[in-house]
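What follows is one structure encoded as structure tokens, with my remarks underneath.
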Amino acid sequence: MANPALSPKRFEQIEKDDEAGWAAPVALAHAEATVAPPPTTRVSHMTANGAFLKTFFLFLIVLAAGAFGWSQTPDATTTVSSNGTLTQTMEFPAWAWIAVFVGFGLAMVCIFKPKASPFLAPLYAVAEGLFLGVISKAFEIRWDGIVFQAILATVAVFFATLALYVFGVVKVTRKFQMVVIGATVGVFLLYLFSWILSLLGVDMVFWNEPSVFGIAFSVVVCVVASLNLFLDYEFIAQASRSGAPKYMEWYGAFGIMVTLVWLYLEMLRLLAKIRS
């Protein structure tokens, strides 16, 4: 599956579940054409600009929470081996794992309860920001400057893909969606399969090695994550054209943040392999 929050099937399901709210623009237009005077109250509907404004707001929350998580993570300790080799180690705080599970739980609830997204999306951004702050510091300890590079690369990909979509350079057709979804499913199953094997004591993470194959694999995953952004943009555009309720701006912003978090983590992995 692609981004589970902003997949085509999720769009159809949300529209079906909230049929009255989505039908409001059509009903209102009909009423204005046939009945005088027009109704005094109007239902507020989502816009693409509103969704991207809320995406920027969630991004700021992630940055702030990430900075806090970074500051609360213990500094690395340096040890000297018998042969004089310096080794830096960092104790991964237990609360970071709590943030991961809380963020995952909030994401699941938000996906199945889109109406709660105005409250859950900021909480998700806080939880993910805390975890990203910790994991980012771990990478920064080993590879100085890698976090800034990963953030810069992620932001650059976001604006580049948005520009390509807005100016019509990339068309999100049904075939395009199926290819991206298929590639994303493949990556997900590969990660899941390797995780299950690791529990059984089988090492299948050869693509994590800083080899030509490992770097090429990370490049492919980063491309797949980037292509998911086009599906996210299409979801927001389609929802705004369909007269989706105002809360869908938060849902669309939440979906984009899910993809950006994934892209950022993959950027970290790619840069780490290259610098190794």
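Just so we're on the same page: first chain in the structure tokens is A, next is B, and so on; residues restart at 1 for each chain, and ligands are numbered from 1 in the order they show up.
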**Report entry** DSSP helix (DSSP H, G or I) selection over stretch 121-273 of chain A, as a PyMOL selection string
**Finding:** chain A and resi 121-142+146-166+174-199+206-208+212-241+248-273
Using the selection just defined, write its residues with C-alpha atoms as a short mmCIF file (atom, residue, chain, number, x, y, z; two decimals), in the first residue's frame.
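See part_1.cif below for the written result:
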```
data_model
loop_
_atom_site.label_atom_id
_atom_site.label_comp_id
_atom_site.auth_asym_id
_atom_site.auth_seq_id
_atom_site.Cartn_x
_atom_site.Cartn_y
_atom_site.Cartn_z
CA ALA A 121 -2.41 15.34 13.81
CA PRO A 122 -0.57 17.82 16.10
CA LEU A 123 -0.19 15.11 18.77
CA TYR A 124 1.23 12.77 16.14
CA ALA A 125 3.69 15.48 15.09
CA VAL A 126 4.84 15.86 18.71
CA ALA A 127 5.34 12.11 19.19
CA GLU A 128 7.19 11.66 15.90
CA GLY A 129 9.26 14.78 16.51
CA LEU A 130 10.47 13.44 19.86
CA PHE A 131 11.56 10.16 18.31
CA LEU A 132 13.18 11.86 15.31
CA GLY A 133 15.13 14.11 17.68
CA VAL A 134 16.63 11.08 19.42
CA ILE A 135 17.41 9.09 16.27
CA SER A 136 18.82 12.20 14.60
CA LYS A 137 21.24 12.77 17.47
CA ALA A 138 22.39 9.16 17.22
CA PHE A 139 23.20 9.68 13.53
CA GLU A 140 24.81 13.07 14.18
CA ILE A 141 27.15 11.61 16.79
CA ARG A 142 28.60 9.23 14.23
CA ILE A 146 24.31 14.46 8.52
CA VAL A 147 21.07 15.69 10.13
CA PHE A 148 21.21 19.08 8.41
CA GLN A 149 21.90 17.35 5.10
CA ALA A 150 18.95 14.98 5.56
CA ILE A 151 16.56 17.80 6.52
CA LEU A 152 17.72 19.89 3.57
CA ALA A 153 17.32 16.96 1.18
CA THR A 154 13.82 16.15 2.51
CA VAL A 155 12.63 19.75 2.22
CA ALA A 156 14.14 20.03 -1.26
CA VAL A 157 12.33 16.88 -2.42
CA PHE A 158 9.05 18.17 -0.96
CA PHE A 159 9.17 21.48 -2.83
CA ALA A 160 10.51 19.88 -6.02
CA THR A 161 7.72 17.29 -6.15
CA LEU A 162 5.11 19.93 -5.27
CA ALA A 163 6.31 22.16 -8.10
CA LEU A 164 6.29 19.25 -10.56
CA TYR A 165 2.71 18.45 -9.53
CA VAL A 166 1.38 22.01 -9.52
CA ARG A 174 -4.31 5.48 -12.41
CA LYS A 175 -1.30 3.63 -13.81
CA PHE A 176 1.07 5.94 -11.93
CA GLN A 177 -0.80 5.24 -8.70
CA MET A 178 -0.66 1.48 -9.21
CA VAL A 179 3.09 1.54 -9.91
CA VAL A 180 3.84 3.63 -6.81
CA ILE A 181 1.55 1.55 -4.62
CA GLY A 182 3.11 -1.67 -5.89
CA ALA A 183 6.64 -0.39 -5.24
CA THR A 184 5.68 0.77 -1.75
CA VAL A 185 4.13 -2.59 -0.93
CA GLY A 186 7.32 -4.28 -2.09
CA VAL A 187 9.48 -2.12 0.20
CA PHE A 188 7.13 -2.68 3.13
CA LEU A 189 7.09 -6.46 2.68
CA LEU A 190 10.87 -6.56 2.34
CA TYR A 191 11.31 -4.66 5.61
CA LEU A 192 8.71 -6.84 7.33
CA PHE A 193 10.28 -10.07 6.03
CA SER A 194 13.77 -9.04 7.14
CA TRP A 195 12.45 -8.06 10.58
CA ILE A 196 10.76 -11.43 11.05
CA LEU A 197 13.93 -13.24 9.98
CA SER A 198 16.01 -11.13 12.39
CA LEU A 199 13.79 -12.36 15.23
CA PHE A 206 22.77 -6.91 3.53
CA TRP A 207 21.15 -3.88 1.87
CA ASN A 208 22.09 -1.86 4.95
CA VAL A 212 27.19 -0.20 -4.06
CA PHE A 213 24.14 -2.42 -3.72
CA GLY A 214 23.23 -0.99 -0.31
CA ILE A 215 23.48 2.59 -1.56
CA ALA A 216 21.51 1.76 -4.72
CA PHE A 217 18.79 0.13 -2.61
CA SER A 218 18.49 3.24 -0.40
CA VAL A 219 18.29 5.45 -3.49
CA VAL A 220 15.41 3.34 -4.81
CA VAL A 221 13.57 3.52 -1.47
CA CYS A 222 14.04 7.31 -1.33
CA VAL A 223 12.62 7.58 -4.86
CA VAL A 224 9.62 5.44 -3.90
CA ALA A 225 9.00 7.59 -0.81
CA SER A 226 9.28 10.74 -2.94
CA LEU A 227 6.78 9.40 -5.49
CA ASN A 228 4.30 8.84 -2.66
CA LEU A 229 4.21 12.61 -2.22
CA PHE A 230 2.55 12.92 -5.65
CA LEU A 231 -0.21 10.59 -4.45
CA ASP A 232 -0.60 12.75 -1.35
CA TYR A 233 -0.95 15.91 -3.45
CA GLU A 234 -3.50 14.23 -5.69
CA PHE A 235 -5.54 13.16 -2.66
CA ILE A 236 -5.65 16.73 -1.35
CA ALA A 237 -6.54 18.16 -4.77
CA GLN A 238 -9.27 15.60 -5.31
CA ALA A 239 -10.71 16.10 -1.83
CA SER A 240 -10.79 19.89 -2.21
CA ARG A 241 -12.52 19.60 -5.62
CA MET A 248 -9.88 17.17 5.88
CA GLU A 249 -7.23 19.89 5.64
CA TRP A 250 -5.73 18.49 8.84
CA TYR A 251 -6.10 14.94 7.55
CA GLY A 252 -4.32 15.81 4.32
CA ALA A 253 -1.53 17.56 6.25
CA PHE A 254 -1.21 14.54 8.53
CA GLY A 255 -0.87 12.24 5.53
CA ILE A 256 1.91 14.35 4.01
CA MET A 257 3.77 14.36 7.33
CA VAL A 258 3.63 10.55 7.44
CA THR A 259 5.36 10.44 4.06
CA LEU A 260 7.89 13.13 4.99
CA VAL A 261 8.87 11.30 8.19
CA TRP A 262 9.48 8.15 6.17
CA LEU A 263 11.44 10.08 3.55
CA TYR A 264 13.59 11.79 6.18
CA LEU A 265 14.52 8.48 7.83
CA GLU A 266 15.43 6.98 4.46
CA MET A 267 17.52 10.07 3.66
CA LEU A 268 19.43 9.54 6.90
CA ARG A 269 20.09 5.91 5.99
CA LEU A 270 21.23 6.82 2.48
CA LEU A 271 23.58 9.59 3.63
CA ALA A 272 24.99 7.33 6.35
CA LYS A 273 25.85 4.66 3.76
#
```
